[in-house]
Structures are given as C-alpha cells and as structure tokens.
Amino acid sequence: MVGQGQVVQVGGRRLRVTNLDKVVYPETGTTKGEVIAYYSTIAPLLLPLLDGRPVTRKRWVEGVGTEDAPADAFFTKQLEPGAPEWIPRQAIQHSDGPKEYPLVEDVPTLVWLAQVAAIELHVPQWRFAPDGLPGRPDRLVLDLDPGPGVGLAQCAEVARFARVILTDMGLDPFPVTSGSKGIHLYAALPGEQTSDEISAVVKELARLIENDHPDLATSVMSKAVRGGKVFLDWSQNNGKKTTISPYSLRGRARPWVAAPRTWEELDDPALAQLDFEQVLDRSASGMDPLASLRPLAIESTPTPPPAATTSPRRSSRHPRSGPIPATDSTAATLAPMLAENGTPGVARALSDASWVEVKWDGIRAMGTWADGRMLLHARRGTDITARYPELTADGAPFLPVTDAVVDGEIVAFDGHGRPSFSLLQNRMHLTRPREIEREVIRTPIVYMLFDLLRLDGHDLTGMPLRERRTLLEDVIADLDAPVQLPPVFDDVDAALAASREFGLEGVVVKDPQSRYRPGQRSPSWLKLKHTRMQEAVIVGIRPGKGDRESTLGSLLLAVPEPARGVDGSIRLRYVGRVGSGFTDRILRDLLTRLEPLRVKTVPLDGVPAPDASDALWVRPELVGEVEFANWTPDGVLRHARWRGLRPDKEPDDIVVEV
C-alpha cells in the first residue's frame, strides 16, 4: 500500500523501503518501486563505473514533475544523516570544511539511494587513491551539448569528428546518449596525467573541432553563441566537476537513462534517448558498449586490480554476477578484443593481410582453465559455465597445462554444416540443469578457439598473434570435438568468396603481428561482412519517437508469395521492418508518398503483434530496397538498412533473394 513501509533483504543487508507505489515520473506513471528495480537490475553494469568515485546525488523528493511543470530538485554531496553505517564513505576537503561522500559499491547502497529519491548519480573522472586523496583521472569525457535548434543527429556528427581525433591520439572513445539532450564521449586513460592536464587536452580537442567545423560546433561557453551549434563542453574534466554516470537515470519528464551506445547506432538518423526499459532490454540481450571502459575490463594483467579505497570488496566483484572467487578473476579482468568494420580494400592494406579467419555466427566466449576445469564468460562478463557442460563438466576436454585463458566462439551448426545463431538461441539463455541437459543432445555446439592470452602463469597479450596461435596449436593439438582450432586462410578475396558460397556471415582479417588488446576495438582486426540486397513492398508505417516524432520510426515490409490468390492477386508475406538508413529528406519524401496510400485494414496476415501494435497501414504499392545481413529461419530480414525507393519496380517484379 502507498505510504506503508516494509523491510527487505538486499545483498545481505536489511533495508526499509517505503512508498513503492509513489509515482516518480508522472508522464509515464513510473513508480518508486520501478526506479529501485531498475537500479537493482542494472547494478552489474553500473557499479564498476561508480567504483572508487565520490558520488554526488541529485534528488527529487516529490517526483520529477512533467515537461511543462518540472519539480524542484537539489544536489547533495555530504552523505545524508541517518544513512546506514555500512555504506562506505570518504571525505573531501571543501572551502567550507570536509564533506563525506558515499562510495557506491553494492546493490544495497544503490537501493538505499533510490529509496531517498537520489535519482541521478554524478561522479568525477578520477578515483580515490590509496591514501584517500583524489587520484589522477582514469578517463576523459567530452560533453556534446546541443544548442537551440540542434538535435541528436548533429551531436552524433560532431561526435564522429571527435572520434577521429581521439583515435589518432591512441584513445578509443565510447559514446553515451546523455539521457537529457546530447551525447557524452568517454575514453579510458592510463592515469598518468593530472586533471588540469587532461582538461587542457580536451579543450584543445574542442578547439580543433570548432576550427574545422565552425558552422556545427563551438567551444565557447557563452550561451549566446550556441544557437544551431553543438557546445563542446571540455570543462567536466576539471577535478572538481562531475558528470552524470553512464547507466544513471535522469530526472527528466520521462525515465531516460545516460545510455552507452555503439558507434553504429550513432549512424542511425532515428537516434534518440533511451528510457530505462530499453536499457534493461539491451542489458538482458548482452549489450554492454562500455565493457572495456570498466576498470576490470581495462586491466590487461590476469590479477585483480588493487582496491583504491578502504573497502576490500571491490577488487573481486564480477561485472555481472556479484562477488566471485579468485579463480574467476582472469575471466572477469580480460574482456575480448574486438574487430572494426572494414572493406576488402582496407583489409588488403594491413601490414600483412595473409591472415583471414571465418567470421563465426555464434557467441564470443572467454575460457579460463584452472584446477582442471574450464570456466566460461560471455563478452560482457556473464558467467555461462553451466550452460555448456560439454566444455566445462566432468568428462569435458582436458587441457594439458596448469592454467590458461583462451578466446573463441561457441557455435551451433545446422544440418548443412553452417553456423546457425538461431539454433544457438535454443541454449544461450537456459539456466535449468534439465533444460540444458536436453539441449546438449538437441543442439550440440563447438568451441572454436582462435586465441591464447595466458599460459602457465605467463601473460601472452603482448605477444604477436602469430606466436600466440602457435602456442594455442600446441595446447589443443590432442583435443577432440567440441573444441576445435579454426583454419587460417592467406587470401582475403578467396576467403570472402568461399564464405559467401557457403552462406557464412563473412571473414575477419587480422594482422599476424597484432598484440591482444583486451576490451578494445582495434583496426588490426577487421571484420568483412557480406551485404545482401532485397526489394520489398511497403505495407505499413510505425510512428517515430524522440527526434523522429514528426516523421516515421520504421517501415513494415513484405514480399510476394509464390502462390497467388484465387482472383490472381499477389499474396504478401511479412519480412520485417527497417528503421535505419534514412536521411531527414528521405523521411519527408516517404511520408509525402505514403500518406495518400493510407488504409484502415491490414493488407496482409502474419505481422507480429509488437510490430502491428501502433502501425499505420498503407496500400502495398511502393517498392523499396534494403541491404541486410541474412534471413532468419522464419523468413525475416536480419539487420535491414534502407537503401531507397525503386520507382522502376512494381510489387510483381520483386524476386526474393536466397
């Protein structure tokens, strides 16, 4: 009941929570209980980003209000009177005396903060040093703040300019839509420079972008010059300033989140802020774009990083599953090295393009071998050991070494011997032993090992790939399925042709001299995917949201069935939707063309309820073309991207690409 409290057990702590039904976000009806549930669920991704940092909170005691009537809020630095004694805290000297800041290290602390209406969590770019004083920053941030008349699309364009400069500096930037208006860019640092030095570097970065693109961006803080431009706020690198933490909720009219994104997402004209439900869905699906910005992922040695404050608990926390035993520390520390998107021409320009591997359509898995047992962790750190007993249980393949860390892909093959991500989905989310045992027989898997990062106590990440591969071959030479060593090809074009012939996703071209960079996306590894084209007829429109509220969000597509109706008319089969690849001009043109074709009745059967829920239907007359990755088993386009209308084609002319 509203107003009544209850005592709950959270992470071994007893907490009193009240008013769980109280509406915090009136425009969406989001309650205090849902805010607490969000922070509890997202904790494995949020806590490592707060770890060791003083947390400034922004509180909305009476809820956030609405867009037209926002409620009052206030910032607080000093830990609230009456806070539980078990919350770690650290003092910082201010002009008016010391203030004790909370250190947010566990789920109970997050729940307590949500209970007292601390909705936004702000942190500096540094962590406390072992002596309890502010340390040197371990990351930089650039805040892309849109001025009047500017949307996220222009922020994304400026972000790409910044990415080029930061990459040239040897840094790997990560975008975060701020949950308010703009975009934040983060990049990990080695912790060797002071906050003043980093501020000066980011200020110069902002000035360079402003000089090259004065019509799009400004580094001047005066609001009078921001109209139509993106303000490049470099000042948040000052040691006394804070920035909203990634994965924190925002106190806006809707429960938006400072949401980590991929660079591919920033290319989407429909780019919009994400709310907490969307962020939780992405998290559940395995998306963690900031994986390598987390402290455990940045560390490249196989030992846990030392504690930076008084609490010994932080150094052993698994990014996803809470405290873990010391034997798991390597898998939690090493995030997989990632490949950049490339083209055959760029791939041939690598220092040695004679190293080509198949791009397996499976699940990336880091394997830790110790004490005669294999532990498996997915790309974001999730423990998946129990899901693949043929690799981890008694009787599984035995590595003839004391300890090792390997990198590879868990793959399921269809009846034609081709990798099938759809089949793998039968197993990837199972947790019950009986279900897993059944699927081991129904859906066998293979662990394709392609890298070796640690061997008998030695860190191999600094060795060239060619040497790591030689050692890996020796380690698994006598092993049988389900562990395999995939082949390496020496010709990019021949490997691409072969992978296309066999219906594979593509190839990965690697520089054989490349070092292994945990958690980083490197141009030393390039993934080359096959792009396929398909013509389809537009049958519906899904309304746009956010920046595309006045246009459209996506198009619903169909292709003709081979069999015709009794009256000779074509019958349509739904093949999915496309929501990316549009420019503003194309969106306006499509709306103009589709509006006269609006109808009230659904022009075909078989549209899934989520796609049909808010659809506006049109007569199936306009034909367009999309590029896509492949077909799902149920005949839906995967990763479709709009290419344009085909005014030279009628629905009858469409041929389904196989």
# chains A, B, ... in the order shown; residues from 1 in each chain; ligands from 1
$ residues_around --residues "A:Asp634" --least-positions-apart "4" --cutoff "12 Å" --atoms "only C-alpha atoms" --output "ChimeraX atom specification"
/A:422,573-576,606,608,630,638
$ select_by_dssp --residues "stretch 444-581 of chain A" --states "alpha helix (DSSP H)" --output "list in words"
Leu465, Arg466, Glu467, Arg468, Arg469, Thr470, Leu471, Leu472, Glu473, Asp474, Val475, Val492, Asp493, Ala494, Ala495, Leu496, Ala497, Ala498, Ser499, Arg500 and Glu501 of chain A
$ closest_residue --among "A:Leu504, A:Leu597, A:Ala162, A:Val24" --to "A:Arg252" --atoms "only C-alpha atoms"
A:Val24
$ residues_around --residues "stretch 229-237 of chain A" --least-positions-apart "2" --cutoff "7 Å" --atoms "only C-alpha atoms" --output "compact mmCIF listing (two decimals) with N, CA and C atoms, in the first residue's frame"
# COMPACT_ATOMS: atom_id res chain seq x y z
N GLN A 125 35.93 12.18 -12.98
CA GLN A 125 36.64 11.24 -13.86
C GLN A 125 37.83 10.59 -13.17
N LEU A 140 38.67 10.34 -19.72
CA LEU A 140 38.29 11.71 -20.07
C LEU A 140 36.85 11.69 -20.57
N VAL A 141 36.24 12.87 -20.57
CA VAL A 141 34.87 12.98 -21.06
C VAL A 141 34.74 14.27 -21.87
N LEU A 142 34.00 14.19 -22.94
CA LEU A 142 33.65 15.36 -23.74
C LEU A 142 32.13 15.40 -23.85
N ASP A 143 31.54 16.47 -23.37
CA ASP A 143 30.08 16.62 -23.35
C ASP A 143 29.65 17.40 -24.59
N LEU A 144 28.89 16.77 -25.46
CA LEU A 144 28.37 17.40 -26.67
C LEU A 144 26.95 17.88 -26.37
N ASP A 145 26.83 19.16 -26.09
CA ASP A 145 25.58 19.74 -25.60
C ASP A 145 24.92 20.53 -26.73
N PRO A 146 23.74 20.09 -27.22
CA PRO A 146 23.12 20.77 -28.35
C PRO A 146 22.53 22.12 -27.97
N GLY A 147 22.83 23.13 -28.77
CA GLY A 147 22.22 24.43 -28.57
C GLY A 147 20.83 24.47 -29.17
N VAL A 150 19.19 22.37 -32.37
CA VAL A 150 20.10 21.26 -32.68
C VAL A 150 19.56 19.98 -32.07
N CYS A 155 24.68 16.24 -33.03
CA CYS A 155 25.61 15.83 -31.97
C CYS A 155 26.40 14.60 -32.41
N SER A 195 44.27 16.18 -13.62
CA SER A 195 43.00 16.66 -14.16
C SER A 195 43.21 17.92 -14.99
N ILE A 198 44.57 16.92 -18.41
CA ILE A 198 43.53 16.32 -19.26
C ILE A 198 42.55 17.38 -19.73
N SER A 199 42.18 18.31 -18.85
CA SER A 199 41.29 19.40 -19.25
C SER A 199 41.88 20.20 -20.40
N VAL A 202 41.55 18.13 -23.66
CA VAL A 202 40.19 18.08 -24.19
C VAL A 202 39.75 19.47 -24.68
N LYS A 203 40.24 20.51 -24.03
CA LYS A 203 39.93 21.86 -24.51
C LYS A 203 40.53 22.08 -25.90
N ALA A 206 38.42 20.28 -28.41
CA ALA A 206 37.22 21.05 -28.73
C ALA A 206 37.53 22.20 -29.68
N ASP A 215 30.50 25.93 -38.38
CA ASP A 215 29.06 26.00 -38.58
C ASP A 215 28.31 24.97 -37.73
N LEU A 216 29.03 23.98 -37.20
CA LEU A 216 28.37 22.90 -36.46
C LEU A 216 28.67 22.92 -34.97
N ALA A 217 29.84 23.44 -34.56
CA ALA A 217 30.27 23.28 -33.18
C ALA A 217 30.94 24.54 -32.65
N THR A 218 30.89 24.69 -31.32
CA THR A 218 31.57 25.78 -30.66
C THR A 218 32.13 25.29 -29.33
N SER A 219 33.28 25.83 -28.95
CA SER A 219 33.87 25.51 -27.65
C SER A 219 33.70 26.68 -26.68
N ARG A 226 25.51 29.66 -28.96
CA ARG A 226 25.26 28.23 -29.14
C ARG A 226 24.12 27.91 -30.10
N GLY A 227 23.37 28.89 -30.54
CA GLY A 227 22.24 28.62 -31.43
C GLY A 227 22.66 27.91 -32.70
N GLY A 239 38.99 18.52 -12.03
CA GLY A 239 38.94 17.59 -10.91
C GLY A 239 37.82 17.87 -9.93
N LYS A 241 34.75 18.88 -10.89
CA LYS A 241 33.45 18.76 -11.55
C LYS A 241 33.04 17.30 -11.69
N THR A 242 31.76 17.10 -11.90
CA THR A 242 31.22 15.75 -12.06
C THR A 242 30.36 15.69 -13.31
N THR A 243 30.13 14.45 -13.77
CA THR A 243 29.29 14.17 -14.94
C THR A 243 28.33 13.05 -14.57
$ select_by_dssp --residues "stretch 485-638 of chain A" --states "strand (DSSP E or B)" --output "NGL selection string"
:A and (489 or 506-510 or 521-529 or 532-543 or 552-564 or 570-578 or 598-599 or 616-618 or 623-628 or 630-631 or 637-638)
$ closest_residue --among "A:Asp196, A:Glu340, A:Asp172, A:Glu67" --to "A:Tyr25" --atoms "only C-alpha atoms"
A:Glu67
$ residues_around --residues "A:Thr443" --least-positions-apart "3" --cutoff "12 Å" --atoms "only C-alpha atoms" --output "PDB file with C-alpha atoms, in the first residue's frame"
ATOM      1  CA  ARG A 387      25.192 -23.639 -19.908  1.00  0.00           C
ATOM      2  CA  TYR A 388      27.800 -25.640 -21.836  1.00  0.00           C
ATOM      3  CA  GLU A 390      30.272 -30.466 -22.753  1.00  0.00           C
ATOM      4  CA  ILE A 410      30.700 -21.015 -29.266  1.00  0.00           C
ATOM      5  CA  VAL A 411      28.926 -22.097 -32.448  1.00  0.00           C
ATOM      6  CA  ALA A 412      25.953 -24.321 -33.288  1.00  0.00           C
ATOM      7  CA  PHE A 413      25.788 -25.840 -36.773  1.00  0.00           C
ATOM      8  CA  ASP A 414      22.676 -26.623 -38.797  1.00  0.00           C
ATOM      9  CA  GLY A 415      22.035 -29.760 -40.836  1.00  0.00           C
ATOM     10  CA  PRO A 419      26.800 -21.817 -38.278  1.00  0.00           C
ATOM     11  CA  SER A 420      23.285 -21.045 -37.037  1.00  0.00           C
ATOM     12  CA  PHE A 421      22.746 -18.307 -34.484  1.00  0.00           C
ATOM     13  CA  SER A 422      19.067 -19.216 -34.392  1.00  0.00           C
ATOM     14  CA  LEU A 423      19.868 -22.751 -33.228  1.00  0.00           C
ATOM     15  CA  LEU A 424      22.262 -21.392 -30.629  1.00  0.00           C
ATOM     16  CA  GLN A 425      19.459 -19.305 -29.144  1.00  0.00           C
ATOM     17  CA  ASN A 426      17.891 -22.594 -28.006  1.00  0.00           C
ATOM     18  CA  ARG A 427      20.724 -22.808 -25.464  1.00  0.00           C
ATOM     19  CA  MET A 428      22.185 -19.404 -24.780  1.00  0.00           C
ATOM     20  CA  GLU A 435      16.735 -27.969 -19.898  1.00  0.00           C
ATOM     21  CA  ILE A 436      20.478 -27.690 -20.501  1.00  0.00           C
ATOM     22  CA  GLU A 437      20.900 -31.472 -20.471  1.00  0.00           C
ATOM     23  CA  ARG A 438      18.141 -31.844 -23.055  1.00  0.00           C
ATOM     24  CA  GLU A 439      19.565 -29.180 -25.362  1.00  0.00           C
ATOM     25  CA  VAL A 440      23.095 -30.625 -25.186  1.00  0.00           C
ATOM     26  CA  VAL A 446      31.610 -26.415 -30.929  1.00  0.00           C
TER      27      VAL A 446
END
$ closest_residue --among "A:Pro124, A:Gly182, A:Gly367, A:Pro610" --to "A:Leu49" --atoms "only C-alpha atoms"
A:Pro124
$ residues_around --residues "A:Ala396" --least-positions-apart "4" --cutoff "9 Å" --atoms "only C-alpha atoms" --output "PyMOL selection string"
chain A and resi 373-374+389-392+482
$ atom_distance --atom1 "atom CA of A:Arg127" --atom2 "atom CA of A:Leu293"
13.7 Å
$ atom_distance --atom1 "atom CA of A:Glu625" --atom2 "atom CA of A:Gly540"
15.1 Å
$ atom_distance --atom1 "atom CA of A:Leu376" --atom2 "atom CA of A:Gly395"
16.0 Å
$ closest_residue --among "A:Arg517, A:Leu496, A:Gly29, A:Leu274" --to "A:Pro464" --atoms "only C-alpha atoms"
A:Arg517
$ residues_around --residues "A:Pro134" --least-positions-apart "6" --cutoff "10 Å" --atoms "only C-alpha atoms" --output "JSON, numbers by chain"
{"A": [52, 53, 54, 92, 124, 126, 127, 128, 239, 240]}
$ residues_around --residues "A:Asp493" --least-positions-apart "3" --cutoff "12 Å" --atoms "only C-alpha atoms" --output "MDAnalysis selection string"
chainID A and resid 343:345 347:348 353:356 489:490 496:500 506:509 528
$ write_last_selection --atoms "N, CA and C atoms" --output "mmCIF file, in the first residue's frame"
data_model
loop_
_atom_site.group_PDB
_atom_site.id
_atom_site.type_symbol
_atom_site.label_atom_id
_atom_site.label_comp_id
_atom_site.auth_asym_id
_atom_site.auth_seq_id
_atom_site.Cartn_x
_atom_site.Cartn_y
_atom_site.Cartn_z
ATOM 1 N N THR A 343 36.582 -3.070 -45.156
ATOM 2 C CA THR A 343 36.297 -3.419 -46.544
ATOM 3 C C THR A 343 37.472 -4.242 -47.067
ATOM 4 N N PRO A 344 37.270 -4.988 -48.147
ATOM 5 C CA PRO A 344 38.396 -5.751 -48.692
ATOM 6 C C PRO A 344 39.610 -4.885 -49.005
ATOM 7 N N GLY A 345 39.362 -3.673 -49.527
ATOM 8 C CA GLY A 345 40.477 -2.800 -49.860
ATOM 9 C C GLY A 345 41.280 -2.395 -48.638
ATOM 10 N N ALA A 347 41.336 -4.028 -45.819
ATOM 11 C CA ALA A 347 41.945 -5.240 -45.266
ATOM 12 C C ALA A 347 43.250 -5.572 -45.978
ATOM 13 N N ARG A 348 43.271 -5.408 -47.296
ATOM 14 C CA ARG A 348 44.493 -5.720 -48.044
ATOM 15 C C ARG A 348 45.639 -4.791 -47.654
ATOM 16 N N ALA A 353 48.218 -8.925 -44.778
ATOM 17 C CA ALA A 353 46.811 -9.321 -44.897
ATOM 18 C C ALA A 353 46.671 -10.794 -45.233
ATOM 19 N N SER A 354 47.644 -11.585 -44.839
ATOM 20 C CA SER A 354 47.609 -13.002 -45.183
ATOM 21 C C SER A 354 47.006 -13.848 -44.073
ATOM 22 N N TRP A 355 46.297 -13.212 -43.143
ATOM 23 C CA TRP A 355 45.698 -13.923 -42.019
ATOM 24 C C TRP A 355 44.201 -13.665 -42.041
ATOM 25 N N VAL A 356 43.446 -14.623 -42.508
ATOM 26 C CA VAL A 356 41.996 -14.468 -42.639
ATOM 27 C C VAL A 356 41.307 -15.632 -41.940
ATOM 28 N N PHE A 489 43.268 -18.645 -43.419
ATOM 29 C CA PHE A 489 43.476 -18.553 -44.861
ATOM 30 C C PHE A 489 44.455 -17.422 -45.172
ATOM 31 N N ASP A 490 45.039 -17.481 -46.343
ATOM 32 C CA ASP A 490 46.060 -16.488 -46.678
ATOM 33 C C ASP A 490 45.671 -15.587 -47.838
ATOM 34 N N LEU A 496 36.751 -14.587 -48.788
ATOM 35 C CA LEU A 496 35.442 -13.944 -48.900
ATOM 36 C C LEU A 496 34.545 -14.708 -49.858
ATOM 37 N N ALA A 497 35.096 -15.087 -50.998
ATOM 38 C CA ALA A 497 34.308 -15.819 -51.984
ATOM 39 C C ALA A 497 33.825 -17.153 -51.417
ATOM 40 N N ALA A 498 34.714 -17.845 -50.711
ATOM 41 C CA ALA A 498 34.332 -19.134 -50.146
ATOM 42 C C ALA A 498 33.269 -18.970 -49.068
ATOM 43 N N SER A 499 33.410 -17.945 -48.217
ATOM 44 C CA SER A 499 32.420 -17.754 -47.158
ATOM 45 C C SER A 499 31.069 -17.366 -47.733
ATOM 46 N N ARG A 500 31.080 -16.614 -48.831
ATOM 47 C CA ARG A 500 29.806 -16.272 -49.480
ATOM 48 C C ARG A 500 29.180 -17.516 -50.097
ATOM 49 N N GLY A 506 30.760 -13.861 -43.077
ATOM 50 C CA GLY A 506 31.861 -13.065 -43.597
ATOM 51 C C GLY A 506 33.171 -13.587 -43.060
ATOM 52 N N VAL A 507 34.188 -12.718 -43.015
ATOM 53 C CA VAL A 507 35.510 -13.121 -42.532
ATOM 54 C C VAL A 507 36.060 -12.037 -41.617
ATOM 55 N N VAL A 508 37.112 -12.396 -40.887
ATOM 56 C CA VAL A 508 37.861 -11.440 -40.076
ATOM 57 C C VAL A 508 39.314 -11.486 -40.544
ATOM 58 N N VAL A 509 39.833 -10.329 -40.924
ATOM 59 C CA VAL A 509 41.223 -10.217 -41.367
ATOM 60 C C VAL A 509 42.035 -9.638 -40.217
ATOM 61 N N LEU A 528 34.787 -8.299 -42.174
ATOM 62 C CA LEU A 528 34.229 -8.050 -43.503
ATOM 63 C C LEU A 528 32.963 -8.889 -43.641
#
